[in-house]
file protein08.cif (mmCIF, C-alpha atoms)
data_query
loop_
_atom_site.group_PDB
_atom_site.id
_atom_site.type_symbol
_atom_site.label_atom_id
_atom_site.label_comp_id
_atom_site.auth_asym_id
_atom_site.auth_seq_id
_atom_site.Cartn_x
_atom_site.Cartn_y
_atom_site.Cartn_z
ATOM 1 C CA MET A 74 61.370 -75.593 -37.980
ATOM 2 C CA ILE A 75 62.598 -76.318 -34.449
ATOM 3 C CA LYS A 76 62.541 -73.783 -31.644
ATOM 4 C CA ALA A 77 64.577 -74.936 -28.651
ATOM 5 C CA PHE A 78 64.481 -73.477 -25.147
ATOM 6 C CA ALA A 79 66.563 -73.971 -22.038
ATOM 7 C CA VAL A 80 65.758 -72.890 -18.482
ATOM 8 C CA GLU A 81 67.767 -70.224 -16.721
ATOM 9 C CA SER A 82 66.716 -68.779 -13.331
ATOM 10 C CA GLY A 83 63.097 -69.809 -13.853
ATOM 11 C CA ARG A 84 62.971 -68.206 -17.302
ATOM 12 C CA LEU A 85 63.054 -69.633 -20.790
ATOM 13 C CA ARG A 86 66.129 -68.951 -22.892
ATOM 14 C CA PRO A 87 66.086 -69.592 -26.657
ATOM 15 C CA VAL A 88 68.780 -71.928 -27.908
ATOM 16 C CA ASP A 89 70.087 -71.610 -31.444
ATOM 17 C CA ASP A 90 71.571 -75.080 -31.910
ATOM 18 C CA LEU A 91 69.789 -78.030 -30.347
ATOM 19 C CA LEU A 92 72.661 -80.472 -30.848
ATOM 20 C CA GLN A 93 75.249 -78.263 -29.169
ATOM 21 C CA HIS A 94 73.013 -77.709 -26.113
ATOM 22 C CA LYS A 95 71.064 -80.963 -26.092
ATOM 23 C CA ASP A 96 71.715 -81.501 -22.382
ATOM 24 C CA GLU A 97 70.365 -78.048 -21.502
ATOM 25 C CA VAL A 98 67.287 -77.936 -23.738
ATOM 26 C CA VAL A 99 64.030 -78.774 -21.943
ATOM 27 C CA TRP A 100 61.507 -77.715 -24.608
ATOM 28 C CA ALA A 101 61.648 -78.334 -28.335
ATOM 29 C CA ASP A 102 58.825 -76.764 -30.329
ATOM 30 C CA LEU A 103 58.404 -78.291 -33.800
ATOM 31 C CA LEU A 104 56.498 -76.215 -36.339
ATOM 32 C CA ALA A 105 55.692 -78.166 -39.526
ATOM 33 C CA PRO A 106 58.795 -80.346 -39.031
ATOM 34 C CA SER A 107 60.586 -82.064 -41.893
ATOM 35 C CA LYS A 108 61.584 -85.745 -41.847
ATOM 36 C CA ALA A 109 65.134 -84.772 -40.875
ATOM 37 C CA GLU A 110 63.913 -82.642 -37.987
ATOM 38 C CA GLU A 111 61.654 -85.436 -36.758
ATOM 39 C CA ALA A 112 64.575 -87.866 -36.877
ATOM 40 C CA LEU A 113 66.736 -85.399 -34.929
ATOM 41 C CA ILE A 114 64.159 -85.065 -32.152
ATOM 42 C CA GLU A 115 63.554 -88.821 -32.024
ATOM 43 C CA ALA A 116 67.284 -89.428 -31.600
ATOM 44 C CA TRP A 117 67.415 -86.739 -28.892
ATOM 45 C CA VAL A 118 64.571 -88.001 -26.692
ATOM 46 C CA GLY A 119 64.569 -91.650 -27.744
ATOM 47 C CA VAL A 120 60.845 -91.838 -28.618
ATOM 48 C CA GLY A 121 58.959 -91.658 -31.918
ATOM 49 C CA ILE A 122 57.272 -88.412 -32.968
ATOM 50 C CA PRO A 123 53.711 -88.832 -34.311
ATOM 51 C CA THR A 124 53.104 -87.885 -37.927
ATOM 52 C CA ARG A 125 50.488 -85.371 -38.981
ATOM 53 C CA GLU A 126 48.146 -88.162 -40.086
ATOM 54 C CA GLU A 127 48.452 -89.834 -36.680
ATOM 55 C CA MET A 128 47.792 -86.532 -34.924
ATOM 56 C CA GLU A 129 44.562 -86.026 -36.889
ATOM 57 C CA GLU A 130 43.052 -89.354 -35.801
ATOM 58 C CA ILE A 131 40.042 -88.778 -33.560
ATOM 59 C CA GLU A 132 40.034 -91.885 -31.335
ATOM 60 C CA ILE A 133 41.239 -91.213 -27.799
ATOM 61 C CA SER A 134 43.730 -94.095 -27.849
ATOM 62 C CA SER A 135 45.577 -92.373 -30.700
ATOM 63 C CA ARG A 136 45.596 -88.984 -28.969
ATOM 64 C CA LEU A 137 46.349 -89.895 -25.351
ATOM 65 C CA TYR A 138 48.847 -92.694 -24.764
ATOM 66 C CA VAL A 139 52.106 -93.691 -23.112
ATOM 67 C CA GLU A 140 55.049 -94.960 -25.142
ATOM 68 C CA ASN A 141 58.433 -95.931 -23.693
ATOM 69 C CA GLY A 142 57.652 -93.976 -20.547
ATOM 70 C CA ALA A 143 56.776 -90.781 -22.472
ATOM 71 C CA LEU A 144 53.329 -89.172 -22.341
ATOM 72 C CA PHE A 145 51.781 -88.235 -25.687
ATOM 73 C CA MET A 146 48.787 -85.900 -25.601
ATOM 74 C CA THR A 147 47.086 -84.355 -28.635
ATOM 75 C CA ALA A 148 44.552 -81.519 -28.495
ATOM 76 C CA THR A 149 42.812 -79.572 -31.237
ATOM 77 C CA LEU A 150 43.658 -75.881 -30.920
ATOM 78 C CA PRO A 151 42.509 -72.839 -32.895
ATOM 79 C CA ALA A 152 44.724 -70.284 -34.599
ATOM 80 C CA GLN A 153 43.795 -66.951 -36.197
ATOM 81 C CA THR A 154 41.183 -66.463 -33.478
ATOM 82 C CA ASP A 155 41.014 -62.714 -34.079
ATOM 83 C CA SER A 156 38.707 -63.542 -36.987
ATOM 84 C CA ASP A 157 35.466 -65.526 -37.065
ATOM 85 C CA GLU A 158 37.069 -68.244 -39.188
ATOM 86 C CA PRO A 159 39.792 -69.812 -37.044
ATOM 87 C CA LEU A 160 42.175 -72.451 -38.328
ATOM 88 C CA MET A 161 41.704 -75.665 -36.345
ATOM 89 C CA SER A 162 44.540 -78.179 -36.210
ATOM 90 C CA PRO A 163 45.863 -80.766 -33.738
ATOM 91 C CA VAL A 164 48.867 -80.073 -31.510
ATOM 92 C CA THR A 165 50.792 -82.874 -29.803
ATOM 93 C CA PHE A 166 52.467 -82.463 -26.408
ATOM 94 C CA ALA A 167 55.065 -85.152 -25.664
ATOM 95 C CA LEU A 168 56.472 -85.274 -22.140
ATOM 96 C CA ALA A 169 59.586 -87.449 -22.009
ATOM 97 C CA GLY A 170 61.102 -87.250 -18.569
ATOM 98 C CA ASN A 171 61.964 -83.624 -17.904
ATOM 99 C CA ARG A 172 61.760 -82.663 -21.568
ATOM 100 C CA LEU A 173 58.775 -81.332 -23.474
ATOM 101 C CA ILE A 174 58.264 -81.692 -27.220
ATOM 102 C CA THR A 175 55.420 -79.963 -29.010
ATOM 103 C CA VAL A 176 54.471 -80.768 -32.603
ATOM 104 C CA ARG A 177 52.183 -78.460 -34.540
ATOM 105 C CA TYR A 178 51.362 -77.309 -38.059
ATOM 106 C CA HIS A 179 49.810 -73.909 -37.360
ATOM 107 C CA GLU A 180 50.387 -70.891 -35.102
ATOM 108 C CA PRO A 181 48.125 -70.732 -32.014
ATOM 109 C CA ARG A 182 48.609 -67.423 -30.225
ATOM 110 C CA ALA A 183 49.714 -69.053 -26.944
ATOM 111 C CA PHE A 184 52.826 -70.497 -28.625
ATOM 112 C CA GLN A 185 53.902 -66.936 -29.362
ATOM 113 C CA THR A 186 52.916 -65.161 -26.145
ATOM 114 C CA PHE A 187 53.992 -67.816 -23.621
ATOM 115 C CA PRO A 188 57.693 -68.008 -24.685
ATOM 116 C CA MET A 189 57.915 -64.216 -24.935
ATOM 117 C CA ARG A 190 56.484 -63.759 -21.435
ATOM 118 C CA SER A 191 58.589 -66.576 -19.974
ATOM 119 C CA GLU A 192 61.750 -64.990 -21.383
ATOM 120 C CA LYS A 193 61.068 -61.705 -19.595
ATOM 121 C CA VAL A 194 59.409 -62.845 -16.354
ATOM 122 C CA ALA A 195 60.234 -65.785 -14.115
ATOM 123 C CA THR A 196 57.166 -68.007 -14.511
ATOM 124 C CA GLY A 197 58.478 -70.924 -12.473
ATOM 125 C CA CYS A 198 59.665 -72.939 -15.469
ATOM 126 C CA VAL A 199 62.215 -75.452 -14.230
ATOM 127 C CA ASP A 200 61.581 -78.491 -16.435
ATOM 128 C CA GLY A 201 59.340 -79.871 -19.158
ATOM 129 C CA GLN A 202 56.439 -80.519 -16.770
ATOM 130 C CA THR A 203 56.228 -76.957 -15.482
ATOM 131 C CA ILE A 204 56.639 -75.619 -19.022
ATOM 132 C CA LEU A 205 53.783 -77.862 -20.148
ATOM 133 C CA MET A 206 51.534 -76.594 -17.366
ATOM 134 C CA GLY A 207 52.385 -72.970 -18.128
ATOM 135 C CA LEU A 208 51.738 -73.495 -21.828
ATOM 136 C CA LEU A 209 48.392 -75.216 -21.216
ATOM 137 C CA GLU A 210 47.340 -72.414 -18.870
ATOM 138 C CA ALA A 211 48.252 -69.847 -21.539
ATOM 139 C CA ILE A 212 46.173 -71.777 -24.081
ATOM 140 C CA VAL A 213 43.135 -71.836 -21.776
ATOM 141 C CA ASP A 214 43.556 -68.110 -21.050
ATOM 142 C CA ARG A 215 43.588 -67.413 -24.776
ATOM 143 C CA LEU A 216 40.418 -69.448 -25.313
ATOM 144 C CA ALA A 217 38.779 -67.505 -22.486
ATOM 145 C CA ASP A 218 39.692 -64.227 -24.200
ATOM 146 C CA VAL A 219 38.181 -65.481 -27.452
ATOM 147 C CA LEU A 220 34.954 -66.458 -25.685
ATOM 148 C CA GLU A 221 34.764 -63.028 -24.046
ATOM 149 C CA ARG A 222 34.988 -61.419 -27.476
ATOM 150 C CA VAL A 223 32.328 -63.762 -28.827
ATOM 151 C CA GLY A 224 30.073 -62.852 -25.898
ATOM 152 C CA ARG A 225 30.470 -59.129 -26.609
ATOM 153 C CA ASP A 226 29.762 -59.664 -30.297
ATOM 154 C CA ILE A 227 26.623 -61.651 -29.460
ATOM 155 C CA ASP A 228 25.369 -58.860 -27.170
ATOM 156 C CA ALA A 229 25.907 -56.318 -29.966
ATOM 157 C CA LEU A 230 24.119 -58.645 -32.361
ATOM 158 C CA SER A 231 21.169 -58.891 -29.977
ATOM 159 C CA GLN A 232 20.809 -55.113 -29.988
ATOM 160 C CA ASP A 233 20.868 -55.059 -33.798
ATOM 161 C CA ILE A 234 18.022 -57.578 -33.878
ATOM 162 C CA PHE A 235 15.726 -56.204 -31.174
ATOM 163 C CA GLN A 236 16.587 -52.498 -31.292
ATOM 164 C CA SER A 237 17.053 -51.838 -34.979
ATOM 165 C CA ALA A 238 16.947 -48.153 -35.907
ATOM 166 C CA GLU A 239 16.056 -48.810 -39.538
ATOM 167 C CA THR A 240 12.526 -47.863 -40.546
ATOM 168 C CA LYS A 241 12.656 -48.718 -44.236
ATOM 169 C CA ALA A 242 11.813 -52.301 -45.120
ATOM 170 C CA PHE A 243 14.528 -52.808 -47.740
ATOM 171 C CA LYS A 244 17.218 -51.650 -45.273
ATOM 172 C CA ARG A 245 15.866 -53.976 -42.601
ATOM 173 C CA ASP A 246 16.017 -56.838 -45.100
ATOM 174 C CA ARG A 247 19.691 -56.122 -45.746
ATOM 175 C CA ASN A 248 20.298 -55.978 -41.999
ATOM 176 C CA PHE A 249 18.632 -59.348 -41.487
ATOM 177 C CA GLN A 250 20.815 -60.879 -44.189
ATOM 178 C CA ARG A 251 23.922 -59.524 -42.467
ATOM 179 C CA VAL A 252 22.663 -60.727 -39.085
ATOM 180 C CA LEU A 253 22.088 -64.250 -40.380
ATOM 181 C CA GLN A 254 25.598 -64.353 -41.832
ATOM 182 C CA THR A 255 27.069 -63.087 -38.558
ATOM 183 C CA ILE A 256 25.091 -65.633 -36.541
ATOM 184 C CA GLY A 257 26.422 -68.413 -38.758
ATOM 185 C CA ARG A 258 30.023 -67.274 -38.246
ATOM 186 C CA LYS A 259 29.606 -66.946 -34.471
ATOM 187 C CA GLU A 260 28.066 -70.401 -34.243
ATOM 188 C CA GLY A 261 30.950 -71.860 -36.236
ATOM 189 C CA LEU A 262 33.492 -70.156 -33.969
ATOM 190 C CA ALA A 263 31.711 -71.300 -30.805
ATOM 191 C CA SER A 264 31.543 -74.854 -32.158
ATOM 192 C CA ASP A 265 35.282 -74.852 -32.887
ATOM 193 C CA ILE A 266 36.065 -73.564 -29.390
ATOM 194 C CA ARG A 267 33.799 -76.225 -27.871
ATOM 195 C CA ASP A 268 35.637 -78.973 -29.779
ATOM 196 C CA SER A 269 38.975 -77.579 -28.610
ATOM 197 C CA LEU A 270 37.829 -77.456 -24.991
ATOM 198 C CA MET A 271 36.612 -81.059 -25.158
ATOM 199 C CA THR A 272 40.054 -82.235 -26.274
ATOM 200 C CA LEU A 273 41.715 -80.137 -23.558
ATOM 201 C CA GLN A 274 39.378 -81.601 -20.945
ATOM 202 C CA ARG A 275 40.398 -85.124 -21.945
ATOM 203 C CA LEU A 276 44.046 -84.082 -21.996
ATOM 204 C CA SER A 277 43.920 -82.580 -18.504
ATOM 205 C CA GLY A 278 42.238 -85.694 -17.129
ATOM 206 C CA PHE A 279 44.884 -87.935 -18.705
ATOM 207 C CA LEU A 280 47.683 -85.691 -17.449
ATOM 208 C CA GLY A 281 46.241 -85.574 -13.933
ATOM 209 C CA ASN A 282 46.088 -89.373 -13.726
ATOM 210 C CA ALA A 283 49.663 -89.624 -15.005
ATOM 211 C CA PHE A 284 50.909 -87.135 -12.408
ATOM 212 C CA VAL A 285 49.145 -89.035 -9.626
ATOM 213 C CA GLN A 286 50.665 -92.355 -10.711
ATOM 214 C CA ASP A 287 54.149 -90.866 -11.009
ATOM 215 C CA LYS A 288 53.717 -89.151 -7.614
ATOM 216 C CA ASN A 289 54.609 -85.739 -8.932
ATOM 217 C CA SER A 290 54.676 -82.693 -6.706
ATOM 218 C CA LYS A 291 51.481 -81.508 -5.086
ATOM 219 C CA ASP A 292 51.888 -78.173 -6.835
ATOM 220 C CA LEU A 293 51.702 -79.782 -10.289
ATOM 221 C CA ARG A 294 48.697 -81.904 -9.336
ATOM 222 C CA ALA A 295 46.964 -78.828 -7.914
ATOM 223 C CA ARG A 296 47.643 -76.873 -11.134
ATOM 224 C CA VAL A 297 46.174 -79.715 -13.190
ATOM 225 C CA LYS A 298 43.016 -79.665 -11.058
ATOM 226 C CA VAL A 299 42.681 -75.900 -11.487
ATOM 227 C CA LEU A 300 43.240 -76.281 -15.230
ATOM 228 C CA THR A 301 40.532 -78.949 -15.415
ATOM 229 C CA ARG A 302 38.056 -76.741 -13.540
ATOM 230 C CA ASP A 303 38.845 -73.795 -15.830
ATOM 231 C CA VAL A 304 38.289 -75.922 -18.920
ATOM 232 C CA MET A 305 34.987 -77.232 -17.554
ATOM 233 C CA SER A 306 33.788 -73.711 -16.710
ATOM 234 C CA LEU A 307 34.685 -72.516 -20.214
ATOM 235 C CA THR A 308 32.854 -75.511 -21.671
ATOM 236 C CA ASP A 309 29.729 -74.526 -19.727
ATOM 237 C CA HIS A 310 30.128 -70.925 -20.880
ATOM 238 C CA VAL A 311 30.481 -71.849 -24.553
ATOM 239 C CA SER A 312 27.368 -74.034 -24.226
ATOM 240 C CA PHE A 313 25.504 -70.987 -22.863
ATOM 241 C CA LEU A 314 26.761 -68.884 -25.778
ATOM 242 C CA SER A 315 25.642 -71.548 -28.242
ATOM 243 C CA GLN A 316 22.165 -71.521 -26.721
ATOM 244 C CA LYS A 317 22.084 -67.741 -26.967
ATOM 245 C CA ILE A 318 23.166 -67.896 -30.608
ATOM 246 C CA THR A 319 20.393 -70.406 -31.297
ATOM 247 C CA PHE A 320 17.887 -68.074 -29.623
ATOM 248 C CA LEU A 321 19.091 -65.141 -31.750
ATOM 249 C CA LEU A 322 18.754 -67.268 -34.867
ATOM 250 C CA ASP A 323 15.164 -68.164 -33.973
ATOM 251 C CA ALA A 324 14.443 -64.524 -33.105
ATOM 252 C CA THR A 325 15.872 -63.327 -36.425
ATOM 253 C CA LEU A 326 13.801 -65.819 -38.379
ATOM 254 C CA GLY A 327 10.764 -64.702 -36.366
ATOM 255 C CA MET A 328 11.435 -61.050 -37.211
ATOM 256 C CA ILE A 329 11.752 -61.968 -40.884
ATOM 257 C CA ASN A 330 8.388 -63.766 -40.699
ATOM 258 C CA ILE A 331 6.830 -60.702 -39.075
ATOM 259 C CA GLU A 332 8.176 -58.503 -41.889
ATOM 260 C CA GLN A 333 6.827 -60.901 -44.506
ATOM 261 C CA ASN A 334 3.441 -61.128 -42.784
ATOM 262 C CA GLY A 335 3.264 -57.313 -42.675
ATOM 263 C CA ILE A 336 3.877 -57.129 -46.418
ATOM 264 C CA ILE A 337 1.265 -59.798 -47.122
ATOM 265 C CA LYS A 338 -1.208 -57.958 -44.870
ATOM 266 C CA ILE A 339 -0.756 -54.765 -46.892
ATOM 267 C CA PHE A 340 -1.565 -56.589 -50.112
ATOM 268 C CA SER A 341 -4.535 -58.324 -48.481
ATOM 269 C CA VAL A 342 -5.973 -55.044 -47.194
ATOM 270 C CA ALA A 343 -5.435 -53.399 -50.576
ATOM 271 C CA ALA A 344 -7.287 -56.255 -52.280
ATOM 272 C CA VAL A 345 -10.214 -55.993 -49.843
ATOM 273 C CA VAL A 346 -10.356 -52.184 -50.109
ATOM 274 C CA PHE A 347 -10.444 -52.185 -53.927
ATOM 275 C CA LEU A 348 -12.836 -55.122 -54.231
ATOM 276 C CA PRO A 349 -16.105 -53.154 -53.636
ATOM 277 C CA PRO A 350 -15.174 -50.361 -56.104
ATOM 278 C CA THR A 351 -14.328 -53.049 -58.641
ATOM 279 C CA LEU A 352 -17.755 -54.580 -58.069
ATOM 280 C CA VAL A 353 -19.481 -51.243 -58.603
ATOM 281 C CA ALA A 354 -17.466 -50.566 -61.756
ATOM 282 C CA SER A 355 -18.253 -54.072 -63.036
ATOM 283 C CA ILE A 356 -21.995 -53.553 -62.502
ATOM 284 C CA TYR A 357 -22.071 -50.276 -64.421
ATOM 285 C CA GLY A 358 -19.868 -51.745 -67.094
ATOM 286 C CA MET A 359 -22.541 -54.295 -68.089
ATOM 287 C CA ASN A 360 -24.192 -53.726 -71.471
ATOM 288 C CA PHE A 361 -27.904 -53.917 -70.683
ATOM 289 C CA ASP A 362 -30.482 -51.784 -72.450
ATOM 290 C CA VAL A 363 -32.492 -50.906 -69.369
ATOM 291 C CA MET A 364 -30.185 -49.215 -66.837
ATOM 292 C CA PRO A 365 -31.878 -46.033 -65.541
ATOM 293 C CA GLU A 366 -28.595 -44.612 -64.148
ATOM 294 C CA LEU A 367 -27.101 -44.364 -67.638
ATOM 295 C CA ASN A 368 -29.518 -41.568 -68.515
ATOM 296 C CA TRP A 369 -29.213 -39.640 -65.264
ATOM 297 C CA ALA A 370 -27.343 -36.348 -65.293
ATOM 298 C CA PHE A 371 -25.651 -37.252 -62.003
ATOM 299 C CA GLY A 372 -25.257 -40.959 -62.757
ATOM 300 C CA TYR A 373 -21.511 -40.774 -63.345
ATOM 301 C CA PRO A 374 -20.732 -38.751 -60.144
ATOM 302 C CA MET A 375 -22.998 -41.077 -58.204
ATOM 303 C CA ALA A 376 -21.068 -44.145 -59.423
ATOM 304 C CA LEU A 377 -17.762 -42.511 -58.528
ATOM 305 C CA GLY A 378 -19.028 -41.565 -55.069
ATOM 306 C CA LEU A 379 -20.357 -45.061 -54.524
ATOM 307 C CA MET A 380 -16.963 -46.523 -55.404
ATOM 308 C CA VAL A 381 -15.187 -44.149 -53.017
ATOM 309 C CA ILE A 382 -17.604 -44.909 -50.178
ATOM 310 C CA SER A 383 -17.311 -48.663 -50.772
ATOM 311 C CA ALA A 384 -13.508 -48.349 -50.514
ATOM 312 C CA VAL A 385 -13.459 -46.095 -47.427
ATOM 313 C CA LEU A 386 -15.940 -48.127 -45.376
ATOM 314 C CA PRO A 387 -13.837 -51.363 -45.256
ATOM 315 C CA PHE A 388 -10.699 -49.348 -44.497
ATOM 316 C CA TRP A 389 -12.469 -47.526 -41.649
ATOM 317 C CA TYR A 390 -13.820 -50.816 -40.288
ATOM 318 C CA PHE A 391 -10.348 -52.426 -40.300
ATOM 319 C CA LYS A 392 -8.823 -49.444 -38.506
ATOM 320 C CA ARG A 393 -11.549 -49.463 -35.849
ATOM 321 C CA ARG A 394 -11.030 -53.174 -35.186
ATOM 322 C CA GLY A 395 -7.287 -52.609 -34.837
ATOM 323 C CA TRP A 396 -6.351 -54.806 -37.790
ATOM 324 C CA LEU A 397 -4.212 -52.059 -39.336
#

call {"tool": "encode", "arguments": {"input": "protein08.cif", "output": "structure tokens"}}
result
Amino acid sequence: MIKAFAVESGRLRPVDDLLQHKDEVVWADLLAPSKAEEALIEAWVGVGIPTREEMEEIEISSRLYVENGALFMTATLPAQTDSDEPLMSPVTFALAGNRLITVRYHEPRAFQTFPMRSEKVATGCVDGQTILMGLLEAIVDRLADVLERVGRDIDALSQDIFQSAETKAFKRDRNFQRVLQTIGRKEGLASDIRDSLMTLQRLSGFLGNAFVQDKNSKDLRARVKVLTRDVMSLTDHVSFLSQKITFLLDATLGMINIEQNGIIKIFSVAAVVFLPPTLVASIYGMNFDVMPELNWAFGYPMALGLMVISAVLPFWYFKRRGWL
């Protein structure tokens, strides 16, 4: 599918037929294009469109390059970021003169919000370069929103770990299982955002050098510098969130160990408390002929009292030492 846009009074205007308005169109957005659509765009701009396999290559030379005077830049962007399992896929931005071509196989939110906003409000879009800058800024803003949500979720997770209201052990165990699953999802999301920001950082550096060499306007070069600083600040922030997630993981495992140690301590104390009564019962269970207590009238109550005292004394000693 091809979405074509022309510029009118600083706003984007959708174009139904690319061929009929090929001189007016400045942005062609290709979503999962067919071979025929790729051939149409190649004939329009005069440069080859990378295939999906070429877009997925990880070496920088295959993602950032110049061909026939056109700039090709590929970044990995997330889609479905409202969930903790985003869809990661590469997106290629091709800048051929004053025309922008984007090639993608998923639906990042910025590709929906940026055209809608640019249709209603004059965002300064006059050519492919300004559209590219506006689109990249919308992408970075969206990633910032996702990181803000992740930060709020991590804060709520921290309260669940350190301020749990559950008093029953089996409920706490279920909570810890849920916490571990949530931590795993948040770490996966943060890792995906970090990978996306790394590709955007390389893209902004490549684009900045290209704008300097082509002697573009100072405004565009300044916007690239601001974009690069924003990406770097978000990269630092996602690194902080990853460290916090790692801390919460260690804290959760520590809380689980404390719970397990508490259970083992209960069994250990029970074993120690019942050991002396067992000893007393074992002594009076021996079958010897000469045992004076067997003939006493109060022999049985005495044995029971001795067992109770031998159980209470260790328990009292443990409580006094603060071991319980």

call {"tool": "closest_residue", "arguments": {"input": "protein08.cif", "among": "A:Asn171, A:Ser82, A:Gln286, A:Ser156", "to": "Val219 in chain A", "atoms": "only C-alpha atoms"}}
result
A:Ser156

call {"tool": "residues_around", "arguments": {"input": "protein08.cif", "residues": "range 194-206 of chain A", "least_positions_apart": "3", "cutoff": "6 Å", "atoms": "only C-alpha atoms", "output": "tab-separated table (two decimals) with C-alpha atoms, keeping the file's coordinate frame"}}
result
chain	number	residue	atom	x	y	z
A	83	GLY	CA	63.10	-69.81	-13.85
A	84	ARG	CA	62.97	-68.21	-17.30
A	99	VAL	CA	64.03	-78.77	-21.94
A	171	ASN	CA	61.96	-83.62	-17.90
A	172	ARG	CA	61.76	-82.66	-21.57
A	173	LEU	CA	58.78	-81.33	-23.47
A	190	ARG	CA	56.48	-63.76	-21.44
A	191	SER	CA	58.59	-66.58	-19.97
A	209	LEU	CA	48.39	-75.22	-21.22

call {"tool": "resolve_selection", "arguments": {"input": "protein08.cif", "expression": "the PyMOL selection byres ((chain A and resi 276) around 10)", "output": "PDB file with C-alpha atoms, in the frame of the given file"}}
result
ATOM      1  CA  ILE A 133      41.239 -91.213 -27.799  1.00  0.00           C
ATOM      2  CA  ARG A 136      45.596 -88.984 -28.969  1.00  0.00           C
ATOM      3  CA  LEU A 137      46.349 -89.895 -25.351  1.00  0.00           C
ATOM      4  CA  PHE A 145      51.781 -88.235 -25.687  1.00  0.00           C
ATOM      5  CA  MET A 146      48.787 -85.900 -25.601  1.00  0.00           C
ATOM      6  CA  THR A 147      47.086 -84.355 -28.635  1.00  0.00           C
ATOM      7  CA  ALA A 148      44.552 -81.519 -28.495  1.00  0.00           C
ATOM      8  CA  PHE A 166      52.467 -82.463 -26.408  1.00  0.00           C
ATOM      9  CA  LEU A 209      48.392 -75.216 -21.216  1.00  0.00           C
ATOM     10  CA  LEU A 270      37.829 -77.456 -24.991  1.00  0.00           C
ATOM     11  CA  MET A 271      36.612 -81.059 -25.158  1.00  0.00           C
ATOM     12  CA  THR A 272      40.054 -82.235 -26.274  1.00  0.00           C
ATOM     13  CA  LEU A 273      41.715 -80.137 -23.558  1.00  0.00           C
ATOM     14  CA  GLN A 274      39.378 -81.601 -20.945  1.00  0.00           C
ATOM     15  CA  ARG A 275      40.398 -85.124 -21.945  1.00  0.00           C
ATOM     16  CA  SER A 277      43.920 -82.580 -18.504  1.00  0.00           C
ATOM     17  CA  GLY A 278      42.238 -85.694 -17.129  1.00  0.00           C
ATOM     18  CA  PHE A 279      44.884 -87.935 -18.705  1.00  0.00           C
ATOM     19  CA  LEU A 280      47.683 -85.691 -17.449  1.00  0.00           C
ATOM     20  CA  GLY A 281      46.241 -85.574 -13.933  1.00  0.00           C
ATOM     21  CA  THR A 301      40.532 -78.949 -15.415  1.00  0.00           C
TER      22      THR A 301
END

call {"tool": "closest_residue", "arguments": {"input": "protein08.cif", "among": "A:Ala295, A:Glu132, A:Phe388, A:Ala109", "to": "Ile339 in chain A", "atoms": "all atoms listed in the file"}}
result
A:Phe388

call {"tool": "resolve_selection", "arguments": {"input": "protein08.cif", "expression": "the PyMOL selection byres ((chain A and resi 96) around 12)", "output": "list in words"}}
result
Ala77, Phe78, Ala79, Val80, Val88, Asp90, Leu91, Leu92, Gln93, His94, Lys95, Glu97, Val98, Val99, Trp100, Trp117, Val118, Asn171 and Arg172 of chain A

call {"tool": "residues_near_point", "arguments": {"input": "protein08.cif", "point": "(19.2, -59.5, -35.0)", "cutoff": "9 Å", "atoms": "all atoms listed in the file", "output": "list in words"}}
result
Ala229, Leu230, Ser231, Gln232, Asp233, Ile234, Phe235, Gln236, Ser237, Asn248, Phe249, Arg251, Val252, Leu253, Ile256, Leu321, Leu322, Ala324, Thr325, Leu326 and Met328 of chain A

call {"tool": "atom_distance", "arguments": {"input": "protein08.cif", "atom1": "CA of Gly378 in chain A", "atom2": "CA of Gly358 in chain A"}}
result
15.8 Å

call {"tool": "atom_distance", "arguments": {"input": "protein08.cif", "atom1": "CA of Asp303 in chain A", "atom2": "CA of Leu262 in chain A"}}
result
19.3 Å

call {"tool": "atom_distance", "arguments": {"input": "protein08.cif", "atom1": "CA of Phe340 in chain A", "atom2": "CA of Arg393 in chain A"}}
result
18.8 Å

call {"tool": "closest_residue", "arguments": {"input": "protein08.cif", "among": "A:Ile382, A:His310, A:Asp155, A:Gly327", "to": "Val353 in chain A", "atoms": "all atoms listed in the file"}}
result
A:Ile382

call {"tool": "closest_residue", "arguments": {"input": "protein08.cif", "among": "A:Gln153, A:Thr351, A:Asn334, A:Thr124", "to": "Ser383 in chain A", "atoms": "all atoms listed in the file"}}
result
A:Thr351
